[in-house]
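Only one structure is covered here, and it is reproduced in the block below.
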Number of protein chains: 2
Amino acid sequence: MSRTPPHPTREQIELPMVLDCLSDPIRLAIVYQLAQQEPVSSELCCGDFNALSGKSNLAYHFAKLRECGLMQTRVAGTNRFMRLRREDLDARFPGLLDAVITSAAKDADRLRLVSECEVVDAG
Amino acid sequence: MSRTPPHPTREQIELPMVLDCLSDPIRLAIVYQLAQQEPVSSELCCGDFNALSGKSNLAYHFAKLRECGLMQTRVAGTNRFMRLRREDLDARFPGLLDAVITSAAKDADRLRLVSECEVVDAG
DNA sequence: TTGATAGTTCAACAAACGTTGAACATAGGG
DNA sequence: CCCTATGTTCAACGTTTGTTGAACTATCAA
C-alpha cells in the first residue's frame with residue numbers, strides 16, 4: 001500500500017471543515033473512541049473501528065478526518081495507526097475538541113458512540 | 001407573515017446538528033455576529049445580516065439555525081428578531097459555543113466573518 | 001509461492017445541501 | 001386605500017455527500 005498520506009499543517013486546519021467533519025455520527029464516534037483511548041495509548045488502528053461501519057466506508061471517513069486535520073495516520077506494515085492531532089487542534093481552537101468530546105460523552109447512548117457489542121460487553 | 005416558527009426544546013438539541021449548522025460559513029458568520037452583539041443587545045433582526053447573502057438564502061440559513069436549536073426567532077411587526085439560545089446551548093454542551101466563537105474570532109478575516117463594507121468602514 | 005490479513009480506490013447511486021429568482025404574505029406609513 | 005419594507009416559501013438547478021460492493025495493493029506468515 002502507498003506511503004503515508006498527506007496531512008494539512010497546523011495553520012492549514014480550518015474551523016468549518018473541522019466542525020463539518022465532527023458533525024457526521026460515524027466520524028464523531030471515531031474521534032470519541034480515539035479520545036477515550038488517549039490516556040491508555042494515543043493510537044488505534046483502522047480495524048478497531050470495524051464495529052462502526054464497513055471497511056470501505058470507514059476508509060472514506062478516515063480520509064475526511066485526515067484531510068481536515070483532526071487525525072494523523074502512521075503506516076506500520078499492513079496496519080495504519082491513527083491518533084488525534086490534539087496539540088494542533090488545541091493550539092488552533094482552544095477548548096473546542098474537549099467541549100465536543102465532553103458533549104458527546106453526555107449523549108453517548110443517544111449518539112450510539114459505542115457499538116452494540118461493546119454495550120453488551122459492558123452490561 | 002405567519003406566526004412564530006417552531007423551535008426544538010432544550011433536550012431535543014442534538015450535537016451533530018449543531019456542529020453541522022456551525023460548519024457552514026454563512027451560518028457561522030450569523031452566529032458570530034449575534035455573539036458579538038450579545039453584550040450590547042441580545043437580538044438582531046434579519047436585515048442586519050443582509051451583507052452576508054441574499055434575503056431568500058438567509059431565510060434558508062435562519063431556518064436551519066432555528067431547527068437545530070442555535071437561534072430563537074421572535075416576531076415583532078414586520079421584523080423578526082433573532083438571538084442565540086445561549087442558556088440552552090451552554091446547558092447541553094458546556095463550553096462548546098464559546099470555544100467555537102473564540103476560534104472563529106481568531107480566524108475572523110480568513111473566514112470572512114465580517115462583510116466587506118464593515119471591513120472598509122473599520123479601515 | 002501460496003494464502004490470508006489489512007486497508008485503499010473506484011464507479012455507481014440516491015439523498016441532502018446551498019443558491020437563485022419569482023411569487024407570496026404581512027405590517028406600517030402616506 | 002395603495003405602496004413600500006420585511007421577510008418567507010416554492011420550484012429549479014447543480015454540487016456535494018455518504019454508502020455500497022467489487023477490484024485492487026501491500027505486507028506478513030507458512
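Each chain in the C-alpha cells gets a letter, A, B and so on, in the order shown; residues start at 1 in every chain, and ligands are counted from 1 in the order they appear.
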Inset, instruction - Find the residues in chain B near chain D: any atom within 9 Å counts, using only C-alpha atoms (C1' of nucleotides). Write them as a VMD selection string. - result: chain B and resid 1 to 2 46 to 47 55 to 56 59 78 to 80
Keeping only N, CA and C atoms, write the selected residues as a CSV table (one decimal), in the first residue's frame.
```csv
chain,number,residue,atom,x,y,z
B,1,MET,N,-47.3,37.8,7.6
B,1,MET,CA,-46.4,36.7,7.8
B,1,MET,C,-46.9,35.7,8.9
B,2,SER,N,-46.6,34.5,8.8
B,2,SER,CA,-47.1,33.5,9.7
B,2,SER,C,-46.6,33.7,11.2
B,46,CYS,N,-33.3,40.2,10.9
B,46,CYS,CA,-32.8,39.6,9.6
B,46,CYS,C,-32.0,40.5,8.8
B,47,GLY,N,-32.5,41.7,8.7
B,47,GLY,CA,-31.9,42.7,7.8
B,47,GLY,C,-30.5,43.0,8.2
B,55,LYS,N,-31.6,37.7,0.5
B,55,LYS,CA,-32.6,37.5,1.5
B,55,LYS,C,-33.2,36.1,1.6
B,56,SER,N,-33.4,35.5,0.4
B,56,SER,CA,-34.0,34.2,0.5
B,56,SER,C,-33.0,33.2,0.9
B,59,ALA,N,-32.9,33.5,4.7
B,59,ALA,CA,-34.1,32.8,5.3
B,59,ALA,C,-33.9,31.3,5.4
B,78,THR,N,-43.3,43.7,11.3
B,78,THR,CA,-42.8,43.1,10.1
B,78,THR,C,-41.3,42.6,10.3
B,79,ASN,N,-40.8,42.7,11.5
B,79,ASN,CA,-39.5,42.3,11.7
B,79,ASN,C,-39.4,40.9,12.5
B,80,ARG,N,-38.3,40.2,12.3
B,80,ARG,CA,-38.1,39.0,13.1
B,80,ARG,C,-36.8,39.3,13.9
```
Superposition output for chain A against chain B, all Cα paired in order, as an mmCIF file with N, CA and C atoms, in the first residue's frame:
```
data_model
loop_
_atom_site.group_PDB
_atom_site.id
_atom_site.type_symbol
_atom_site.label_atom_id
_atom_site.label_comp_id
_atom_site.auth_asym_id
_atom_site.auth_seq_id
_atom_site.Cartn_x
_atom_site.Cartn_y
_atom_site.Cartn_z
ATOM 1 N N MET A 1 -47.494 37.787 7.776
ATOM 2 C CA MET A 1 -46.645 36.591 7.823
ATOM 3 C C MET A 1 -47.041 35.697 8.985
ATOM 4 N N SER A 2 -46.766 34.435 8.866
ATOM 5 C CA SER A 2 -47.288 33.465 9.838
ATOM 6 C C SER A 2 -46.735 33.699 11.245
ATOM 7 N N ARG A 3 -47.212 32.925 12.149
ATOM 8 C CA ARG A 3 -46.816 33.037 13.548
ATOM 9 C C ARG A 3 -45.358 32.655 13.778
ATOM 10 N N THR A 4 -44.927 32.839 14.996
ATOM 11 C CA THR A 4 -43.538 32.502 15.336
ATOM 12 C C THR A 4 -43.282 31.007 15.145
ATOM 13 N N PRO A 5 -42.239 30.700 14.396
ATOM 14 C CA PRO A 5 -41.984 29.323 13.948
ATOM 15 C C PRO A 5 -41.574 28.410 15.093
ATOM 16 N N PRO A 6 -41.640 27.076 14.878
ATOM 17 C CA PRO A 6 -41.341 26.117 15.943
ATOM 18 C C PRO A 6 -39.847 26.034 16.230
ATOM 19 N N HIS A 7 -39.519 25.835 17.479
ATOM 20 C CA HIS A 7 -38.132 25.639 17.909
ATOM 21 C C HIS A 7 -38.053 24.336 18.700
ATOM 22 N N PRO A 8 -36.902 23.643 18.640
ATOM 23 C CA PRO A 8 -36.753 22.440 19.473
ATOM 24 C C PRO A 8 -36.625 22.828 20.941
ATOM 25 N N THR A 9 -37.048 21.932 21.818
ATOM 26 C CA THR A 9 -36.818 22.156 23.237
ATOM 27 C C THR A 9 -35.332 21.950 23.528
ATOM 28 N N ARG A 10 -34.931 22.397 24.718
ATOM 29 C CA ARG A 10 -33.519 22.251 25.087
ATOM 30 C C ARG A 10 -33.044 20.820 24.927
ATOM 31 N N GLU A 11 -33.838 19.882 25.398
ATOM 32 C CA GLU A 11 -33.419 18.479 25.376
ATOM 33 C C GLU A 11 -33.372 17.901 23.969
ATOM 34 N N GLN A 12 -34.109 18.543 23.066
ATOM 35 C CA GLN A 12 -34.125 18.035 21.685
ATOM 36 C C GLN A 12 -32.927 18.486 20.877
ATOM 37 N N ILE A 13 -32.148 19.396 21.419
ATOM 38 C CA ILE A 13 -30.985 19.902 20.678
ATOM 39 C C ILE A 13 -29.936 18.802 20.571
ATOM 40 N N GLU A 14 -29.503 18.535 19.341
ATOM 41 C CA GLU A 14 -28.587 17.417 19.078
ATOM 42 C C GLU A 14 -27.218 17.938 18.653
ATOM 43 N N LEU A 15 -26.188 17.322 19.186
ATOM 44 C CA LEU A 15 -24.827 17.760 18.911
ATOM 45 C C LEU A 15 -24.463 17.731 17.429
ATOM 46 N N PRO A 16 -24.700 16.627 16.724
ATOM 47 C CA PRO A 16 -24.311 16.616 15.315
ATOM 48 C C PRO A 16 -24.999 17.705 14.498
ATOM 49 N N MET A 17 -26.276 17.944 14.759
ATOM 50 C CA MET A 17 -26.992 18.995 14.034
ATOM 51 C C MET A 17 -26.399 20.369 14.302
ATOM 52 N N VAL A 18 -26.033 20.624 15.560
ATOM 53 C CA VAL A 18 -25.436 21.910 15.924
ATOM 54 C C VAL A 18 -24.098 22.086 15.211
ATOM 55 N N LEU A 19 -23.281 21.044 15.235
ATOM 56 C CA LEU A 19 -21.968 21.127 14.594
ATOM 57 C C LEU A 19 -22.122 21.311 13.089
ATOM 58 N N ASP A 20 -23.066 20.597 12.501
ATOM 59 C CA ASP A 20 -23.282 20.729 11.078
ATOM 60 C C ASP A 20 -23.721 22.145 10.731
ATOM 61 N N CYS A 21 -24.593 22.683 11.554
ATOM 62 C CA CYS A 21 -25.082 24.037 11.332
ATOM 63 C C CYS A 21 -23.934 25.039 11.382
ATOM 64 N N LEU A 22 -23.054 24.862 12.343
ATOM 65 C CA LEU A 22 -21.949 25.803 12.522
ATOM 66 C C LEU A 22 -20.864 25.629 11.459
ATOM 67 N N SER A 23 -20.920 24.538 10.715
ATOM 68 C CA SER A 23 -19.860 24.274 9.742
ATOM 69 C C SER A 23 -20.067 25.031 8.430
ATOM 70 N N ASP A 24 -21.208 25.646 8.265
ATOM 71 C CA ASP A 24 -21.426 26.452 7.062
ATOM 72 C C ASP A 24 -20.930 27.878 7.306
ATOM 73 N N PRO A 25 -20.110 28.407 6.394
ATOM 74 C CA PRO A 25 -19.513 29.732 6.587
ATOM 75 C C PRO A 25 -20.538 30.835 6.839
ATOM 76 N N ILE A 26 -21.629 30.836 6.103
ATOM 77 C CA ILE A 26 -22.635 31.885 6.296
ATOM 78 C C ILE A 26 -23.287 31.749 7.662
ATOM 79 N N ARG A 27 -23.642 30.527 8.026
ATOM 80 C CA ARG A 27 -24.284 30.336 9.335
ATOM 81 C C ARG A 27 -23.320 30.648 10.468
ATOM 82 N N LEU A 28 -22.057 30.288 10.294
ATOM 83 C CA LEU A 28 -21.066 30.623 11.315
ATOM 84 C C LEU A 28 -20.950 32.134 11.463
ATOM 85 N N ALA A 29 -21.008 32.835 10.337
ATOM 86 C CA ALA A 29 -20.934 34.295 10.378
ATOM 87 C C ALA A 29 -22.146 34.883 11.090
ATOM 88 N N ILE A 30 -23.306 34.312 10.875
ATOM 89 C CA ILE A 30 -24.520 34.783 11.545
ATOM 90 C C ILE A 30 -24.384 34.608 13.058
ATOM 91 N N VAL A 31 -23.978 33.403 13.455
ATOM 92 C CA VAL A 31 -23.815 33.120 14.883
ATOM 93 C C VAL A 31 -22.750 34.031 15.494
ATOM 94 N N TYR A 32 -21.673 34.211 14.760
ATOM 95 C CA TYR A 32 -20.587 35.062 15.242
ATOM 96 C C TYR A 32 -21.073 36.496 15.457
ATOM 97 N N GLN A 33 -21.812 37.001 14.485
ATOM 98 C CA GLN A 33 -22.318 38.368 14.554
ATOM 99 C C GLN A 33 -23.280 38.518 15.726
ATOM 100 N N LEU A 34 -24.118 37.525 15.945
ATOM 101 C CA LEU A 34 -25.019 37.541 17.101
ATOM 102 C C LEU A 34 -24.221 37.553 18.396
ATOM 103 N N ALA A 35 -23.171 36.739 18.445
ATOM 104 C CA ALA A 35 -22.373 36.649 19.667
ATOM 105 C C ALA A 35 -21.645 37.968 19.938
ATOM 106 N N GLN A 36 -21.172 38.617 18.885
ATOM 107 C CA GLN A 36 -20.476 39.893 19.050
ATOM 108 C C GLN A 36 -21.411 40.946 19.628
ATOM 109 N N GLN A 37 -22.665 40.914 19.178
ATOM 110 C CA GLN A 37 -23.639 41.924 19.596
ATOM 111 C C GLN A 37 -24.194 41.644 20.986
ATOM 112 N N GLU A 38 -23.960 40.443 21.476
ATOM 113 C CA GLU A 38 -24.584 40.012 22.726
ATOM 114 C C GLU A 38 -24.416 41.002 23.896
ATOM 115 N N PRO A 39 -23.222 41.528 24.141
ATOM 116 C CA PRO A 39 -23.090 42.452 25.265
ATOM 117 C C PRO A 39 -23.982 43.688 25.099
ATOM 118 N N VAL A 40 -24.142 44.147 23.846
ATOM 119 C CA VAL A 40 -24.926 45.356 23.579
ATOM 120 C C VAL A 40 -26.413 45.038 23.673
ATOM 121 N N SER A 41 -26.906 44.259 22.685
ATOM 122 C CA SER A 41 -28.291 43.789 22.768
ATOM 123 C C SER A 41 -28.279 42.359 22.271
ATOM 124 N N SER A 42 -29.084 41.535 22.881
ATOM 125 C CA SER A 42 -29.001 40.117 22.554
ATOM 126 C C SER A 42 -29.704 39.791 21.242
ATOM 127 N N GLU A 43 -30.336 40.798 20.628
ATOM 128 C CA GLU A 43 -31.098 40.513 19.423
ATOM 129 C C GLU A 43 -30.612 41.297 18.207
ATOM 130 N N LEU A 44 -30.789 40.653 17.062
ATOM 131 C CA LEU A 44 -30.584 41.325 15.776
ATOM 132 C C LEU A 44 -31.736 40.899 14.881
ATOM 133 N N CYS A 45 -32.059 41.720 13.895
ATOM 134 C CA CYS A 45 -33.114 41.276 12.979
ATOM 135 C C CYS A 45 -32.515 40.872 11.647
ATOM 136 N N CYS A 46 -33.303 40.149 10.848
ATOM 137 C CA CYS A 46 -32.826 39.553 9.598
ATOM 138 C C CYS A 46 -32.024 40.525 8.761
ATOM 139 N N GLY A 47 -32.548 41.733 8.650
ATOM 140 C CA GLY A 47 -31.912 42.720 7.794
ATOM 141 C C GLY A 47 -30.480 43.028 8.177
ATOM 142 N N ASP A 48 -30.137 42.802 9.440
ATOM 143 C CA ASP A 48 -28.781 43.093 9.887
ATOM 144 C C ASP A 48 -27.745 42.155 9.270
ATOM 145 N N PHE A 49 -28.222 41.108 8.596
ATOM 146 C CA PHE A 49 -27.298 40.147 7.998
ATOM 147 C C PHE A 49 -27.281 40.241 6.474
ATOM 148 N N ASN A 50 -27.950 41.243 5.949
ATOM 149 C CA ASN A 50 -28.076 41.336 4.496
ATOM 150 C C ASN A 50 -26.737 41.376 3.767
ATOM 151 N N ALA A 51 -25.691 41.814 4.452
ATOM 152 C CA ALA A 51 -24.378 41.866 3.801
ATOM 153 C C ALA A 51 -23.835 40.464 3.518
ATOM 154 N N LEU A 52 -24.353 39.471 4.212
ATOM 155 C CA LEU A 52 -23.797 38.118 4.094
ATOM 156 C C LEU A 52 -24.291 37.365 2.861
ATOM 157 N N SER A 53 -25.537 37.633 2.445
ATOM 158 C CA SER A 53 -26.099 36.932 1.290
ATOM 159 C C SER A 53 -27.452 37.539 0.938
ATOM 160 N N GLY A 54 -28.098 36.980 -0.076
ATOM 161 C CA GLY A 54 -29.418 37.450 -0.466
ATOM 162 C C GLY A 54 -30.474 37.063 0.559
ATOM 163 N N LYS A 55 -31.608 37.727 0.505
ATOM 164 C CA LYS A 55 -32.637 37.536 1.520
ATOM 165 C C LYS A 55 -33.173 36.115 1.561
ATOM 166 N N SER A 56 -33.410 35.535 0.412
ATOM 167 C CA SER A 56 -34.023 34.195 0.421
ATOM 168 C C SER A 56 -33.016 33.148 0.890
ATOM 169 N N ASN A 57 -31.773 33.373 0.554
ATOM 170 C CA ASN A 57 -30.744 32.451 1.026
ATOM 171 C C ASN A 57 -30.578 32.572 2.546
ATOM 172 N N LEU A 58 -30.651 33.801 3.046
ATOM 173 C CA LEU A 58 -30.564 33.995 4.495
ATOM 174 C C LEU A 58 -31.733 33.318 5.202
ATOM 175 N N ALA A 59 -32.920 33.437 4.635
ATOM 176 C CA ALA A 59 -34.088 32.807 5.250
ATOM 177 C C ALA A 59 -33.869 31.301 5.377
ATOM 178 N N TYR A 60 -33.239 30.724 4.360
ATOM 179 C CA TYR A 60 -32.917 29.293 4.393
ATOM 180 C C TYR A 60 -31.985 28.980 5.560
ATOM 181 N N HIS A 61 -30.946 29.808 5.727
ATOM 182 C CA HIS A 61 -29.988 29.558 6.799
ATOM 183 C C HIS A 61 -30.599 29.848 8.177
ATOM 184 N N PHE A 62 -31.435 30.860 8.261
ATOM 185 C CA PHE A 62 -32.121 31.140 9.528
ATOM 186 C C PHE A 62 -32.945 29.926 9.950
ATOM 187 N N ALA A 63 -33.627 29.343 9.012
ATOM 188 C CA ALA A 63 -34.458 28.177 9.322
ATOM 189 C C ALA A 63 -33.595 27.041 9.874
ATOM 190 N N LYS A 64 -32.459 26.809 9.241
ATOM 191 C CA LYS A 64 -31.553 25.761 9.717
ATOM 192 C C LYS A 64 -31.092 26.046 11.139
ATOM 193 N N LEU A 65 -30.719 27.284 11.376
ATOM 194 C CA LEU A 65 -30.217 27.669 12.697
ATOM 195 C C LEU A 65 -31.302 27.522 13.761
ATOM 196 N N ARG A 66 -32.526 27.787 13.357
ATOM 197 C CA ARG A 66 -33.647 27.628 14.283
ATOM 198 C C ARG A 66 -33.908 26.154 14.558
ATOM 199 N N GLU A 67 -33.966 25.373 13.487
ATOM 200 C CA GLU A 67 -34.307 23.958 13.609
ATOM 201 C C GLU A 67 -33.309 23.185 14.465
ATOM 202 N N CYS A 68 -32.058 23.596 14.437
ATOM 203 C CA CYS A 68 -31.053 22.847 15.196
ATOM 204 C C CYS A 68 -30.940 23.385 16.618
ATOM 205 N N GLY A 69 -31.629 24.486 16.916
ATOM 206 C CA GLY A 69 -31.648 24.982 18.284
ATOM 207 C C GLY A 69 -30.617 26.033 18.602
ATOM 208 N N LEU A 70 -29.924 26.525 17.591
ATOM 209 C CA LEU A 70 -28.908 27.547 17.862
ATOM 210 C C LEU A 70 -29.507 28.928 18.092
ATOM 211 N N MET A 71 -30.609 29.229 17.379
ATOM 212 C CA MET A 71 -31.193 30.558 17.467
ATOM 213 C C MET A 71 -32.663 30.488 17.836
ATOM 214 N N GLN A 72 -33.145 31.602 18.375
ATOM 215 C CA GLN A 72 -34.578 31.726 18.577
ATOM 216 C C GLN A 72 -35.069 32.947 17.835
ATOM 217 N N THR A 73 -36.269 32.832 17.258
ATOM 218 C CA THR A 73 -36.830 33.934 16.481
ATOM 219 C C THR A 73 -38.074 34.472 17.171
ATOM 220 N N ARG A 74 -38.133 35.785 17.283
ATOM 221 C CA ARG A 74 -39.293 36.448 17.861
ATOM 222 C C ARG A 74 -39.887 37.358 16.785
ATOM 223 N N VAL A 75 -41.179 37.238 16.557
ATOM 224 C CA VAL A 75 -41.825 38.043 15.527
ATOM 225 C C VAL A 75 -42.349 39.325 16.150
ATOM 226 N N ALA A 76 -42.021 40.455 15.526
ATOM 227 C CA ALA A 76 -42.499 41.745 16.020
ATOM 228 C C ALA A 76 -42.835 42.622 14.824
ATOM 229 N N GLY A 77 -44.127 42.740 14.550
ATOM 230 C CA GLY A 77 -44.543 43.514 13.376
ATOM 231 C C GLY A 77 -43.999 42.862 12.127
ATOM 232 N N THR A 78 -43.377 43.644 11.300
ATOM 233 C CA THR A 78 -42.810 43.084 10.071
ATOM 234 C C THR A 78 -41.368 42.590 10.262
ATOM 235 N N ASN A 79 -40.866 42.704 11.472
ATOM 236 C CA ASN A 79 -39.491 42.244 11.732
ATOM 237 C C ASN A 79 -39.459 40.920 12.472
ATOM 238 N N ARG A 80 -38.337 40.197 12.312
ATOM 239 C CA ARG A 80 -38.068 39.023 13.126
ATOM 240 C C ARG A 80 -36.778 39.279 13.875
ATOM 241 N N PHE A 81 -36.839 39.160 15.177
ATOM 242 C CA PHE A 81 -35.643 39.344 15.978
ATOM 243 C C PHE A 81 -35.083 37.998 16.394
ATOM 244 N N MET A 82 -33.798 37.849 16.189
ATOM 245 C CA MET A 82 -33.151 36.584 16.454
ATOM 246 C C MET A 82 -32.110 36.736 17.549
ATOM 247 N N ARG A 83 -32.011 35.708 18.377
ATOM 248 C CA ARG A 83 -30.957 35.706 19.389
ATOM 249 C C ARG A 83 -30.417 34.293 19.548
ATOM 250 N N LEU A 84 -29.192 34.214 20.041
ATOM 251 C CA LEU A 84 -28.592 32.920 20.332
ATOM 252 C C LEU A 84 -29.295 32.282 21.516
ATOM 253 N N ARG A 85 -29.448 30.971 21.494
ATOM 254 C CA ARG A 85 -30.037 30.268 22.651
ATOM 255 C C ARG A 85 -28.915 29.869 23.589
ATOM 256 N N ARG A 86 -28.276 30.879 24.137
ATOM 257 C CA ARG A 86 -27.066 30.675 24.922
ATOM 258 C C ARG A 86 -27.269 29.770 26.129
ATOM 259 N N GLU A 87 -28.308 30.050 26.882
ATOM 260 C CA GLU A 87 -28.557 29.270 28.100
ATOM 261 C C GLU A 87 -28.737 27.784 27.768
ATOM 262 N N ASP A 88 -29.559 27.543 26.769
ATOM 263 C CA ASP A 88 -29.828 26.153 26.392
ATOM 264 C C ASP A 88 -28.566 25.475 25.877
ATOM 265 N N LEU A 89 -27.823 26.181 25.049
ATOM 266 C CA LEU A 89 -26.622 25.585 24.476
ATOM 267 C C LEU A 89 -25.563 25.329 25.545
ATOM 268 N N ASP A 90 -25.393 26.309 26.431
ATOM 269 C CA ASP A 90 -24.394 26.126 27.492
ATOM 270 C C ASP A 90 -24.789 24.985 28.428
ATOM 271 N N ALA A 91 -26.102 24.826 28.607
ATOM 272 C CA ALA A 91 -26.553 23.733 29.468
ATOM 273 C C ALA A 91 -26.307 22.379 28.804
ATOM 274 N N ARG A 92 -26.628 22.296 27.534
ATOM 275 C CA ARG A 92 -26.470 21.019 26.822
ATOM 276 C C ARG A 92 -25.018 20.700 26.528
ATOM 277 N N PHE A 93 -24.293 21.710 26.038
ATOM 278 C CA PHE A 93 -22.930 21.486 25.558
ATOM 279 C C PHE A 93 -21.974 22.514 26.167
ATOM 280 N N PRO A 94 -21.610 22.326 27.430
ATOM 281 C CA PRO A 94 -20.833 23.359 28.147
ATOM 282 C C PRO A 94 -19.525 23.699 27.424
ATOM 283 N N GLY A 95 -19.336 24.978 27.211
ATOM 284 C CA GLY A 95 -18.080 25.441 26.632
ATOM 285 C C GLY A 95 -18.014 25.381 25.122
ATOM 286 N N LEU A 96 -18.967 24.699 24.508
ATOM 287 C CA LEU A 96 -18.874 24.499 23.063
ATOM 288 C C LEU A 96 -19.038 25.801 22.286
ATOM 289 N N LEU A 97 -20.113 26.515 22.581
ATOM 290 C CA LEU A 97 -20.384 27.742 21.832
ATOM 291 C C LEU A 97 -19.246 28.740 21.999
ATOM 292 N N ASP A 98 -18.769 28.890 23.217
ATOM 293 C CA ASP A 98 -17.661 29.814 23.451
ATOM 294 C C ASP A 98 -16.412 29.393 22.689
ATOM 295 N N ALA A 99 -16.126 28.105 22.702
ATOM 296 C CA ALA A 99 -14.939 27.625 21.990
ATOM 297 C C ALA A 99 -15.058 27.903 20.497
ATOM 298 N N VAL A 100 -16.239 27.687 19.950
ATOM 299 C CA VAL A 100 -16.440 27.937 18.521
ATOM 300 C C VAL A 100 -16.270 29.414 18.206
ATOM 301 N N ILE A 101 -16.877 30.259 19.040
ATOM 302 C CA ILE A 101 -16.832 31.696 18.767
ATOM 303 C C ILE A 101 -15.415 32.245 18.934
ATOM 304 N N THR A 102 -14.733 31.778 19.971
ATOM 305 C CA THR A 102 -13.337 32.205 20.165
ATOM 306 C C THR A 102 -12.468 31.750 18.990
ATOM 307 N N SER A 103 -12.671 30.513 18.560
ATOM 308 C CA SER A 103 -11.903 29.989 17.426
ATOM 309 C C SER A 103 -12.213 30.772 16.162
ATOM 310 N N ALA A 104 -13.484 31.077 15.975
ATOM 311 C CA ALA A 104 -13.879 31.840 14.796
ATOM 312 C C ALA A 104 -13.257 33.229 14.823
ATOM 313 N N ALA A 105 -13.241 33.842 16.005
ATOM 314 C CA ALA A 105 -12.679 35.184 16.132
ATOM 315 C C ALA A 105 -11.215 35.203 15.728
ATOM 316 N N LYS A 106 -10.480 34.159 16.114
ATOM 317 C CA LYS A 106 -9.058 34.080 15.759
ATOM 318 C C LYS A 106 -8.851 34.054 14.252
ATOM 319 N N ASP A 107 -9.797 33.460 13.538
ATOM 320 C CA ASP A 107 -9.681 33.327 12.079
ATOM 321 C C ASP A 107 -10.617 34.280 11.347
ATOM 322 N N ALA A 108 -11.003 35.348 12.025
ATOM 323 C CA ALA A 108 -12.079 36.198 11.509
ATOM 324 C C ALA A 108 -11.881 36.609 10.048
ATOM 325 N N ASP A 109 -10.688 37.042 9.692
ATOM 326 C CA ASP A 109 -10.497 37.499 8.325
ATOM 327 C C ASP A 109 -10.481 36.330 7.348
ATOM 328 N N ARG A 110 -9.818 35.253 7.732
ATOM 329 C CA ARG A 110 -9.779 34.076 6.869
ATOM 330 C C ARG A 110 -11.191 33.576 6.574
ATOM 331 N N LEU A 111 -12.063 33.684 7.565
ATOM 332 C CA LEU A 111 -13.426 33.158 7.428
ATOM 333 C C LEU A 111 -14.397 34.170 6.833
ATOM 334 N N ARG A 112 -13.936 35.391 6.594
ATOM 335 C CA ARG A 112 -14.837 36.462 6.115
ATOM 336 C C ARG A 112 -16.081 36.549 7.001
ATOM 337 N N LEU A 113 -15.850 36.620 8.286
ATOM 338 C CA LEU A 113 -16.980 36.690 9.220
ATOM 339 C C LEU A 113 -17.610 38.072 9.184
ATOM 340 N N VAL A 114 -16.836 39.046 8.740
ATOM 341 C CA VAL A 114 -17.360 40.399 8.633
ATOM 342 C C VAL A 114 -17.516 40.721 7.162
ATOM 343 N N SER A 115 -18.581 41.417 6.862
ATOM 344 C CA SER A 115 -18.818 41.764 5.457
ATOM 345 C C SER A 115 -17.783 42.775 4.983
ATOM 346 N N GLU A 116 -17.610 42.859 3.668
ATOM 347 C CA GLU A 116 -16.623 43.761 3.061
ATOM 348 C C GLU A 116 -16.783 45.193 3.589
ATOM 349 N N CYS A 117 -18.008 45.699 3.570
ATOM 350 C CA CYS A 117 -18.241 47.093 3.931
ATOM 351 C C CYS A 117 -17.900 47.348 5.384
ATOM 352 N N GLU A 118 -18.208 46.380 6.237
ATOM 353 C CA GLU A 118 -17.840 46.549 7.648
ATOM 354 C C GLU A 118 -16.335 46.684 7.799
ATOM 355 N N VAL A 119 -15.597 45.870 7.026
ATOM 356 C CA VAL A 119 -14.139 45.932 7.063
ATOM 357 C C VAL A 119 -13.677 47.306 6.611
ATOM 358 N N VAL A 120 -14.279 47.775 5.512
ATOM 359 C CA VAL A 120 -13.927 49.088 4.988
ATOM 360 C C VAL A 120 -14.249 50.171 6.019
ATOM 361 N N ASP A 121 -15.440 50.054 6.622
ATOM 362 C CA ASP A 121 -15.839 51.034 7.628
ATOM 363 C C ASP A 121 -14.847 51.100 8.777
ATOM 364 N N ALA A 122 -14.353 49.906 9.153
ATOM 365 C CA ALA A 122 -13.456 49.855 10.305
ATOM 366 C C ALA A 122 -12.080 50.433 9.966
ATOM 367 N N GLY A 123 -11.678 50.325 8.692
ATOM 368 C CA GLY A 123 -10.341 50.759 8.321
ATOM 369 C C GLY A 123 -10.211 52.273 8.176
#
```
Legend entry - Residues of chain C within 10 Å of chain A, counting only C-alpha atoms (C1' of nucleotides), as a PyMOL selection string: chain C and resi 5-9
Please produce a file of those selected residues containing C-alpha atoms (C1' of nucleotides), as a PDB file, in the first residue's frame.
```pdb
ATOM      1  C1'  DT C   5      -4.892 -10.151   6.506  1.00  0.00           C
ATOM      2  C1'  DA C   6      -5.368  -5.016   6.446  1.00  0.00           C
ATOM      3  C1'  DG C   7      -6.729  -1.437   4.209  1.00  0.00           C
ATOM      4  C1'  DT C   8      -7.424   1.628  -0.104  1.00  0.00           C
ATOM      5  C1'  DT C   9      -9.543   3.007  -4.515  1.00  0.00           C
TER       6       DT C   9
END
```
Inset, instruction - Check chain A with DSSP on the backbone and list each residue it calls strand (DSSP E), as an MDAnalysis selection string. - result: chainID A and resid 44:45 71:76 79:84
Inset, instruction - Return as number ranges by chain the full set of residues in chain B whose backbone-based DSSP assignment is alpha helix (DSSP H). - result: B: 15-22, 25-37, 55-67, 86-92, 96-106, 116-122
